[in-house]
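query-v8.txt (compact mmCIF, C-alpha atoms) appears below.
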```txt
# COMPACT_ATOMS: atom_id res chain seq x y z
CA MET A 1 0.00 0.00 0.00
CA HIS A 2 1.49 3.32 -1.03
CA ASP A 3 0.63 6.98 -0.75
CA HIS A 4 1.77 9.51 -3.36
CA ALA A 5 1.38 13.27 -3.31
CA HIS A 6 3.42 15.04 -5.97
CA HIS A 7 3.51 18.78 -6.67
CA HIS A 8 5.15 20.38 -9.73
CA HIS A 9 6.03 24.06 -9.85
CA SER A 10 6.61 25.37 -13.38
CA SER A 11 5.55 28.99 -13.06
CA GLY A 12 8.24 31.53 -12.30
CA ARG A 13 11.01 29.55 -14.00
CA LEU A 14 10.95 30.30 -17.73
CA LYS A 15 9.87 33.95 -17.96
CA PRO A 16 12.72 35.43 -15.81
CA LEU A 17 15.31 33.55 -17.89
CA VAL A 18 13.83 34.79 -21.19
CA TRP A 19 13.75 38.41 -20.02
CA GLY A 20 17.30 38.10 -18.66
CA LEU A 21 18.44 36.65 -21.99
CA VAL A 22 16.93 39.48 -24.04
CA ILE A 23 18.30 42.27 -21.83
CA THR A 24 21.77 40.74 -21.53
CA PHE A 25 22.16 40.02 -25.25
CA LEU A 26 21.02 43.52 -26.29
CA PHE A 27 23.48 45.18 -23.91
CA ALA A 28 26.27 42.88 -25.08
CA ILE A 29 25.75 44.31 -28.58
CA VAL A 30 25.77 47.88 -27.21
CA GLU A 31 28.95 47.19 -25.24
CA ALA A 32 30.67 45.60 -28.23
CA VAL A 33 29.85 48.62 -30.41
CA GLY A 34 31.04 50.97 -27.67
CA GLY A 35 34.27 49.04 -27.25
CA TRP A 36 34.90 49.02 -31.02
CA LEU A 37 34.26 52.77 -31.36
CA SER A 38 36.43 53.64 -28.35
CA GLY A 39 39.14 51.11 -29.08
CA SER A 40 38.78 49.68 -25.55
CA LEU A 41 39.84 46.04 -25.33
CA ALA A 42 38.45 45.91 -21.80
CA LEU A 43 34.97 46.73 -23.03
CA LEU A 44 35.23 44.29 -25.94
CA GLY A 45 36.31 41.59 -23.52
CA ASP A 46 33.41 42.34 -21.22
CA ALA A 47 31.07 42.22 -24.22
CA GLY A 48 32.35 38.70 -24.88
CA HIS A 49 31.63 37.86 -21.24
CA MET A 50 28.08 39.19 -21.63
CA ILE A 51 27.57 37.04 -24.73
CA THR A 52 28.73 34.03 -22.71
CA ASP A 53 26.15 34.97 -20.09
CA SER A 54 23.52 35.19 -22.82
CA PHE A 55 24.40 31.62 -23.74
CA SER A 56 24.04 30.52 -20.11
CA LEU A 57 20.64 32.20 -19.87
CA ALA A 58 19.57 30.56 -23.14
CA LEU A 59 20.71 27.20 -21.73
CA GLY A 60 18.75 27.84 -18.56
CA ALA A 61 15.63 28.84 -20.50
CA ALA A 62 15.88 25.72 -22.66
CA ALA A 63 16.25 23.56 -19.53
CA ALA A 64 13.25 25.26 -17.89
CA LEU A 65 11.24 24.58 -21.05
CA VAL A 66 12.28 20.91 -21.10
CA ALA A 67 11.48 20.59 -17.39
CA ARG A 68 7.85 21.50 -18.13
CA LYS A 69 7.37 18.34 -20.19
CA PRO A 70 4.98 15.92 -18.49
CA ALA A 71 6.03 12.59 -17.06
CA SER A 72 5.90 9.57 -19.35
CA ARG A 73 6.32 5.81 -19.16
CA VAL A 74 10.03 6.25 -19.83
CA MET A 75 10.58 9.42 -17.73
CA SER A 76 8.19 8.56 -14.90
CA PHE A 77 9.42 11.41 -12.69
CA GLY A 78 9.31 13.95 -15.51
CA TRP A 79 12.15 16.15 -16.78
CA GLY A 80 12.74 18.35 -13.74
CA ARG A 81 16.40 17.42 -13.40
CA ALA A 82 17.17 19.08 -16.74
CA GLU A 83 17.35 22.30 -14.72
CA VAL A 84 19.84 20.74 -12.30
CA LEU A 85 22.07 19.68 -15.21
CA ALA A 86 21.87 23.20 -16.68
CA ALA A 87 22.86 24.67 -13.32
CA MET A 88 25.93 22.44 -13.15
CA VAL A 89 26.93 23.30 -16.73
CA ASN A 90 26.57 27.01 -15.95
CA ALA A 91 28.70 26.67 -12.82
CA LEU A 92 31.41 24.82 -14.78
CA LEU A 93 31.31 27.53 -17.47
CA MET A 94 31.84 30.15 -14.77
CA LEU A 95 34.92 28.25 -13.56
CA LEU A 96 36.34 28.44 -17.11
CA ILE A 97 35.56 32.17 -17.21
CA VAL A 98 37.32 32.64 -13.85
CA VAL A 99 40.41 30.88 -15.22
CA GLY A 100 40.38 33.08 -18.32
CA ILE A 101 39.96 36.33 -16.36
CA SER A 102 42.68 35.32 -13.89
CA MET A 103 45.15 34.59 -16.69
CA ALA A 104 44.35 37.91 -18.35
CA ALA A 105 44.73 39.72 -15.01
CA PHE A 106 48.19 38.23 -14.39
CA ASP A 107 49.23 39.16 -17.91
CA ARG A 108 47.95 42.71 -17.43
CA LEU A 109 49.95 43.06 -14.19
CA GLN A 110 53.12 42.03 -16.00
CA ASN A 111 52.37 44.07 -19.11
CA PRO A 112 50.41 47.22 -18.17
CA GLN A 113 48.39 48.79 -20.98
CA PRO A 114 46.74 52.20 -21.26
CA VAL A 115 43.03 52.25 -20.42
CA ALA A 116 40.50 54.94 -21.37
CA GLY A 117 39.18 55.44 -17.84
CA GLY A 118 36.36 57.82 -18.80
CA VAL A 119 34.89 55.54 -21.45
CA VAL A 120 35.19 52.54 -19.17
CA MET A 121 33.34 54.37 -16.38
CA LEU A 122 30.50 55.38 -18.70
CA ILE A 123 29.92 51.92 -20.18
CA ALA A 124 30.45 50.25 -16.78
CA ALA A 125 27.81 52.49 -15.20
CA ILE A 126 25.30 51.53 -17.89
CA GLY A 127 26.29 47.88 -17.53
CA LEU A 128 25.78 48.08 -13.77
CA LEU A 129 22.20 49.30 -14.24
CA VAL A 130 21.52 46.60 -16.82
CA ASN A 131 22.89 43.83 -14.61
CA VAL A 132 20.93 45.09 -11.60
CA ALA A 133 17.77 44.93 -13.72
CA VAL A 134 18.51 41.37 -14.90
CA ALA A 135 19.42 40.23 -11.38
CA TRP A 136 16.15 41.71 -10.08
CA VAL A 137 14.16 39.86 -12.75
CA LEU A 138 15.86 36.55 -11.96
CA HIS A 139 15.61 37.03 -8.20
CA ARG A 140 11.84 37.52 -8.45
CA GLY A 141 11.47 34.13 -10.15
CA GLU A 142 11.32 30.78 -8.39
CA GLN A 143 14.75 30.06 -6.93
CA THR A 144 15.58 26.78 -8.65
CA LEU A 145 19.15 25.57 -9.09
CA ASN A 146 18.79 26.49 -12.77
CA ILE A 147 17.90 30.11 -12.02
CA ARG A 148 20.63 30.22 -9.38
CA GLY A 149 23.09 29.15 -12.07
CA ALA A 150 21.91 31.90 -14.43
CA LEU A 151 21.92 34.41 -11.58
CA LEU A 152 25.50 33.41 -10.79
CA HIS A 153 26.56 34.57 -14.26
CA VAL A 154 24.63 37.83 -13.92
CA MET A 155 26.11 38.52 -10.48
CA GLY A 156 29.54 37.91 -11.97
CA ASP A 157 28.75 40.56 -14.58
CA LEU A 158 27.33 42.90 -11.94
CA LEU A 159 30.46 42.60 -9.81
CA GLY A 160 32.53 43.04 -12.96
CA SER A 161 30.67 46.27 -13.73
CA VAL A 162 31.32 47.54 -10.19
CA ALA A 163 34.99 46.62 -10.52
CA ALA A 164 35.22 48.30 -13.93
CA LEU A 165 33.51 51.42 -12.58
CA VAL A 166 35.88 51.65 -9.61
CA ALA A 167 38.92 50.82 -11.74
CA GLY A 168 37.91 53.36 -14.38
CA GLY A 169 37.54 56.04 -11.71
CA VAL A 170 40.93 55.25 -10.13
CA ILE A 171 42.64 55.19 -13.52
CA TYR A 172 40.90 58.38 -14.67
CA PHE A 173 41.86 60.35 -11.56
CA THR A 174 45.22 58.78 -10.61
CA GLY A 175 46.46 56.89 -13.69
CA TRP A 176 47.21 53.79 -11.55
CA THR A 177 46.38 50.94 -13.99
CA PRO A 178 47.18 47.91 -11.73
CA ILE A 179 43.84 48.51 -9.97
CA ASP A 180 42.03 46.94 -12.93
CA PRO A 181 43.59 43.42 -12.79
CA LEU A 182 43.69 43.44 -8.98
CA LEU A 183 39.94 44.05 -8.73
CA SER A 184 39.37 41.44 -11.43
CA MET A 185 41.14 38.80 -9.33
CA LEU A 186 39.09 39.75 -6.27
CA ILE A 187 35.90 39.28 -8.27
CA CYS A 188 37.20 35.89 -9.48
CA ILE A 189 37.56 34.69 -5.89
CA LEU A 190 33.95 35.66 -5.10
CA ILE A 191 32.64 33.96 -8.26
CA LEU A 192 34.72 30.86 -7.48
CA ILE A 193 33.10 30.50 -4.04
CA ALA A 194 29.57 30.89 -5.47
CA SER A 195 30.32 28.43 -8.29
CA ALA A 196 31.64 25.83 -5.85
CA ARG A 197 28.44 26.08 -3.78
CA LEU A 198 26.25 25.70 -6.86
CA ILE A 199 28.20 22.64 -8.03
CA ARG A 200 27.92 21.15 -4.53
CA ASP A 201 24.13 21.65 -4.48
CA SER A 202 23.77 20.19 -7.98
CA VAL A 203 25.84 17.13 -7.05
CA ASP A 204 23.69 16.69 -3.93
CA VAL A 205 20.58 16.38 -6.12
CA LEU A 206 22.18 14.09 -8.70
CA MET A 207 23.60 11.82 -5.98
CA ALA A 208 20.24 11.70 -4.12
CA ARG A 209 21.79 13.11 -0.94
CA VAL A 210 19.53 13.81 2.02
CA PRO A 211 18.71 17.56 1.74
CA ARG A 212 21.12 19.57 3.86
CA GLU A 213 18.32 21.32 5.74
CA LEU A 214 16.93 17.96 6.92
CA SER A 215 18.22 15.30 9.32
CA LEU A 216 17.24 11.73 8.47
CA PRO A 217 17.39 10.58 12.15
CA SER A 218 15.16 13.51 13.18
CA VAL A 219 12.58 12.69 10.51
CA GLU A 220 12.66 9.00 11.46
CA GLU A 221 12.19 9.84 15.14
CA ALA A 222 9.23 12.14 14.39
CA MET A 223 7.56 9.41 12.31
CA ALA A 224 8.19 6.69 14.91
CA LEU A 225 6.56 8.82 17.63
CA GLU A 226 3.24 8.96 15.81
CA GLU A 227 0.42 6.97 17.42
CA GLY A 228 0.07 3.50 15.93
CA VAL A 229 3.63 3.39 14.58
CA ARG A 230 5.89 0.75 16.11
CA SER A 231 9.04 1.47 14.06
CA VAL A 232 10.36 2.86 10.77
CA HIS A 233 12.90 1.24 8.46
CA ASP A 234 14.27 1.62 4.93
CA LEU A 235 13.77 5.39 5.20
CA HIS A 236 15.07 7.38 2.23
CA ILE A 237 14.88 11.14 1.71
CA TRP A 238 16.21 12.85 -1.39
CA ARG A 239 15.66 15.88 -3.58
CA PHE A 240 14.42 15.28 -7.13
CA ASP A 241 14.90 18.88 -8.27
CA SER A 242 15.14 22.32 -6.68
CA SER A 243 11.60 22.31 -5.31
CA THR A 244 10.66 18.66 -4.80
CA ILE A 245 11.72 16.54 -1.81
CA LEU A 246 10.78 12.86 -1.89
CA LEU A 247 10.50 10.35 0.96
CA SER A 248 9.93 6.62 1.04
CA ALA A 249 9.79 4.32 4.06
CA HIS A 250 8.42 1.07 5.47
CA ILE A 251 6.26 1.52 8.56
CA ILE A 252 5.76 -1.24 11.15
CA VAL A 253 2.30 -0.65 12.63
CA ASP A 254 0.42 -2.15 15.54
CA ASP A 255 -2.77 -2.65 13.53
CA LEU A 256 -3.04 -2.70 9.73
CA GLU A 257 -6.73 -1.82 9.95
CA ALA A 258 -5.80 1.51 11.56
CA TRP A 259 -3.39 2.34 8.70
CA PRO A 260 -5.56 5.04 7.03
CA SER A 261 -5.57 7.19 10.19
CA VAL A 262 -1.86 6.50 10.84
CA LEU A 263 -1.08 7.46 7.25
CA GLU A 264 -2.97 10.74 7.59
CA ARG A 265 -1.04 11.64 10.75
CA LEU A 266 2.30 10.79 9.12
CA ARG A 267 1.48 12.87 6.04
CA SER A 268 0.47 15.82 8.21
CA THR A 269 3.69 15.63 10.25
CA LEU A 270 5.94 15.32 7.21
CA ASN A 271 4.17 18.19 5.40
CA ARG A 272 3.99 20.54 8.37
CA ARG A 273 7.33 19.97 10.09
CA PHE A 274 9.63 19.07 7.22
CA GLY A 275 7.99 20.40 4.04
CA ILE A 276 7.92 16.95 2.42
CA HIS A 277 4.93 16.48 0.12
CA HIS A 278 5.89 13.56 -2.17
CA ILE A 279 5.57 10.57 0.15
CA THR A 280 5.62 6.81 -0.43
CA LEU A 281 4.88 4.75 2.68
CA GLN A 282 4.41 1.00 2.95
CA PRO A 283 2.70 -0.39 6.08
CA GLU A 284 3.81 -3.73 7.51
CA PRO A 285 2.37 -5.83 10.36
CA LEU A 286 4.07 -6.02 13.73
CA ASN A 287 5.46 -9.53 13.18
CA PHE A 288 6.64 -8.80 9.63
CA ASP A 289 10.20 -9.94 8.80
CA PRO A 290 11.72 -7.66 6.13
CA THR A 291 14.54 -10.14 5.41
CA PRO A 292 14.20 -11.50 1.83
CA VAL A 293 13.18 -15.16 1.62
CA ILE A 294 15.99 -17.30 0.15
CA ASP A 295 15.55 -20.65 -1.54
CA ARG A 296 18.07 -22.73 0.41
CA GLU A 297 18.36 -25.38 -2.31
CA SER A 298 19.19 -23.00 -5.17
CA ASN A 299 20.65 -20.34 -2.84
CA SER A 300 18.71 -17.70 -4.77
CA PRO A 301 15.44 -15.80 -4.27
CA PRO A 302 12.39 -17.81 -5.41
CA SER A 303 10.95 -16.83 -8.78
```

The structure given in the file should be rewritten as structure tokens.
Amino acid sequence: MHDHAHHHHSSGRLKPLVWGLVITFLFAIVEAVGGWLSGSLALLGDAGHMITDSFSLALGAAAALVARKPASRVMSFGWGRAEVLAAMVNALLMLLIVVGISMAAFDRLQNPQPVAGGVVMLIAAIGLLVNVAVAWVLHRGEQTLNIRGALLHVMGDLLGSVAALVAGGVIYFTGWTPIDPLLSMLICILILIASARLIRDSVDVLMARVPRELSLPSVEEAMALEEGVRSVHDLHIWRFDSSTILLSAHIIVDDLEAWPSVLERLRSTLNRRFGIHHITLQPEPLNFDPTPVIDRESNSPPS
């Protein structure tokens, strides 16, 4: 006997990514034109970064679209983990970007180049406003791992705009060019930390780890304390995607006839205390032996 209660959340996932994609790509074109007209390699490089972010947003939007596909006989849980895979790809892309920026920063420290501080400040100020707008749009959406991955790219751009604005001001007023690569390396460290956390959370989902905000012993204890429950075994808790936590368990009960009321109490406890809504519970009588029956003559389970 099983109980299933499954909730899908598709709203608030696709629209923020599409808007972020449009805004980011349009400004990347503006920044590229501005960099070409001013002869600023820094701006052209940042335009390339923005185009990379546009790709990450497009990847996220595609994953959100795929995740809306209904479950089937082959994909019985649906396609929700497409967003988790997109989040991991985006985090790995950010690690590559961090490596590229760090290498360029070291090269710039060894070989200083003139920078048009005024032009950099102007474009960086516009870029800061654009990135704040995109971050606001993404933040208002449902906070899935996929959107977190896209937001990571946008926050990297936002921090880059702040760094470019500060560096442009320092260079414009003092002429001290090393500030540009030094701030770039600081931003790389911040992005690296955020990327590592996103990869960790994505791996947690893919490896079916118990959600970090939950304690399996605490959940088991709460279930075992319910009236009519003698013990709990084979308890598993894992996250299917960013918004869905699943639980399965075998419940030893005093009286199988009382199972409907016991089930209702267990569901209420798991929903209210732990936020678990997709539940599969199997009741078993008090004298039930969960050990598999082995055919002693063939030394294998009976067919």

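Across A:Leu129, A:Ile245, A:Ala105, A:Ile251, the tightest approach to Ala208 of chain A is made by A:Ile245 when counting all atoms listed in the file.
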
Given only C-alpha atoms as the counted atoms, nearest of A:Leu65, A:Val203, A:Leu266, A:Leu59 to Met88 of chain A: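 Under the stated criterion, the closest residue is A:Val203.
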
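Between atom CA of Phe240 of chain A and atom CA of Ile276 of chain A the interatomic distance comes to 11.7 Å.
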
Pick from A:Leu14, A:Ala196, A:Leu93, A:Ala28 nearest to Ala64 of chain A, counting only C-alpha atoms: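 Comparing A:Leu14, A:Ala196, A:Leu93, A:Ala28 against Ala64 of chain A, the winner is A:Leu14.
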
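Among the candidate residues A:Thr144, A:Val262, A:Ser72, A:Leu151, the one lying nearest to Ser54 of chain A is A:Leu151, with distances computed using all atoms listed in the file.
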
Give the centre and edge lengths of an axis-aligned box, in Å to one decimal, that holds all listed atoms of segment 165-173 of chain A with 5 Å on each side, as JSON.
```
{"center_x": 38.1, "center_y": 55.6, "center_z": -12.1, "size_x": 19.1, "size_y": 19.5, "size_z": 15.1}
```

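The closest residue to His153 of chain A, picked from A:Ile101, A:Ile191, A:Val119, A:Leu26 and counting only C-alpha atoms, is A:Ile191.
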
Of the listed residues A:Gly275, A:Pro217, A:Pro16, A:Pro112, that which approaches Ile147 of chain A most closely, counting all atoms listed in the file: A:Pro16

All heavy atoms are needed for segment 93-104 of chain A; please write them out as an mmCIF file, in the coordinates of the input.
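Result went into result_8.cif, see below:
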```
data_model
loop_
_atom_site.group_PDB
_atom_site.id
_atom_site.type_symbol
_atom_site.label_atom_id
_atom_site.label_comp_id
_atom_site.auth_asym_id
_atom_site.auth_seq_id
_atom_site.Cartn_x
_atom_site.Cartn_y
_atom_site.Cartn_z
ATOM 1 N N LEU A 93 30.943 26.453 -16.544
ATOM 2 C CA LEU A 93 31.310 27.530 -17.470
ATOM 3 C C LEU A 93 31.900 28.720 -16.717
ATOM 4 O O LEU A 93 32.865 29.341 -17.175
ATOM 5 C CB LEU A 93 30.086 27.978 -18.274
ATOM 6 C CG LEU A 93 29.624 27.057 -19.403
ATOM 7 C CD1 LEU A 93 28.321 27.584 -20.015
ATOM 8 C CD2 LEU A 93 30.702 26.945 -20.485
ATOM 9 N N MET A 94 31.317 29.032 -15.558
ATOM 10 C CA MET A 94 31.840 30.150 -14.770
ATOM 11 C C MET A 94 33.261 29.859 -14.288
ATOM 12 O O MET A 94 34.093 30.762 -14.204
ATOM 13 C CB MET A 94 30.932 30.419 -13.576
ATOM 14 C CG MET A 94 29.664 31.189 -13.910
ATOM 15 S SD MET A 94 29.964 32.754 -14.778
ATOM 16 C CE MET A 94 30.936 33.647 -13.571
ATOM 17 N N LEU A 95 33.552 28.596 -13.974
ATOM 18 C CA LEU A 95 34.920 28.250 -13.560
ATOM 19 C C LEU A 95 35.897 28.498 -14.717
ATOM 20 O O LEU A 95 37.012 28.995 -14.500
ATOM 21 C CB LEU A 95 34.983 26.787 -13.128
ATOM 22 C CG LEU A 95 34.238 26.423 -11.840
ATOM 23 C CD1 LEU A 95 34.410 24.938 -11.528
ATOM 24 C CD2 LEU A 95 34.738 27.265 -10.671
ATOM 25 N N LEU A 96 35.489 28.173 -15.944
ATOM 26 C CA LEU A 96 36.340 28.440 -17.110
ATOM 27 C C LEU A 96 36.536 29.946 -17.298
ATOM 28 O O LEU A 96 37.645 30.403 -17.622
ATOM 29 C CB LEU A 96 35.709 27.830 -18.363
ATOM 30 C CG LEU A 96 35.635 26.299 -18.405
ATOM 31 C CD1 LEU A 96 34.931 25.840 -19.689
ATOM 32 C CD2 LEU A 96 37.037 25.697 -18.336
ATOM 33 N N ILE A 97 35.455 30.712 -17.088
ATOM 34 C CA ILE A 97 35.560 32.170 -17.210
ATOM 35 C C ILE A 97 36.509 32.723 -16.155
ATOM 36 O O ILE A 97 37.330 33.614 -16.436
ATOM 37 C CB ILE A 97 34.167 32.822 -17.079
ATOM 38 C CG1 ILE A 97 33.317 32.463 -18.303
ATOM 39 C CG2 ILE A 97 34.278 34.334 -16.936
ATOM 40 C CD1 ILE A 97 31.881 32.916 -18.192
ATOM 41 N N VAL A 98 36.428 32.194 -14.931
ATOM 42 C CA VAL A 98 37.320 32.640 -13.850
ATOM 43 C C VAL A 98 38.770 32.377 -14.224
ATOM 44 O O VAL A 98 39.651 33.229 -14.016
ATOM 45 C CB VAL A 98 36.955 31.917 -12.537
ATOM 46 C CG1 VAL A 98 38.084 32.060 -11.514
ATOM 47 C CG2 VAL A 98 35.662 32.483 -11.972
ATOM 48 N N VAL A 99 39.035 31.196 -14.796
ATOM 49 C CA VAL A 99 40.410 30.880 -15.220
ATOM 50 C C VAL A 99 40.874 31.872 -16.283
ATOM 51 O O VAL A 99 42.000 32.394 -16.223
ATOM 52 C CB VAL A 99 40.483 29.435 -15.762
ATOM 53 C CG1 VAL A 99 41.850 29.179 -16.407
ATOM 54 C CG2 VAL A 99 40.237 28.428 -14.645
ATOM 55 N N GLY A 100 40.018 32.151 -17.259
ATOM 56 C CA GLY A 100 40.380 33.080 -18.320
ATOM 57 C C GLY A 100 40.651 34.482 -17.802
ATOM 58 O O GLY A 100 41.643 35.124 -18.188
ATOM 59 N N ILE A 101 39.777 34.982 -16.917
ATOM 60 C CA ILE A 101 39.960 36.330 -16.360
ATOM 61 C C ILE A 101 41.226 36.390 -15.521
ATOM 62 O O ILE A 101 41.975 37.378 -15.575
ATOM 63 C CB ILE A 101 38.729 36.726 -15.520
ATOM 64 C CG1 ILE A 101 37.489 36.873 -16.415
ATOM 65 C CG2 ILE A 101 38.986 38.039 -14.785
ATOM 66 C CD1 ILE A 101 36.215 37.156 -15.648
ATOM 67 N N SER A 102 41.482 35.333 -14.738
ATOM 68 C CA SER A 102 42.680 35.320 -13.890
ATOM 69 C C SER A 102 43.950 35.359 -14.731
ATOM 70 O O SER A 102 44.905 36.097 -14.416
ATOM 71 C CB SER A 102 42.674 34.078 -12.996
ATOM 72 O OG SER A 102 41.544 34.060 -12.160
ATOM 73 N N MET A 103 43.976 34.585 -15.809
ATOM 74 C CA MET A 103 45.150 34.590 -16.690
ATOM 75 C C MET A 103 45.351 35.963 -17.320
ATOM 76 O O MET A 103 46.484 36.474 -17.396
ATOM 77 C CB MET A 103 44.990 33.517 -17.758
ATOM 78 C CG MET A 103 45.018 32.087 -17.226
ATOM 79 S SD MET A 103 44.706 30.839 -18.505
ATOM 80 C CE MET A 103 46.092 31.132 -19.611
ATOM 81 N N ALA A 104 44.248 36.579 -17.759
ATOM 82 C CA ALA A 104 44.350 37.910 -18.350
ATOM 83 C C ALA A 104 44.804 38.936 -17.324
ATOM 84 O O ALA A 104 45.577 39.855 -17.635
ATOM 85 C CB ALA A 104 42.992 38.318 -18.942
#
```
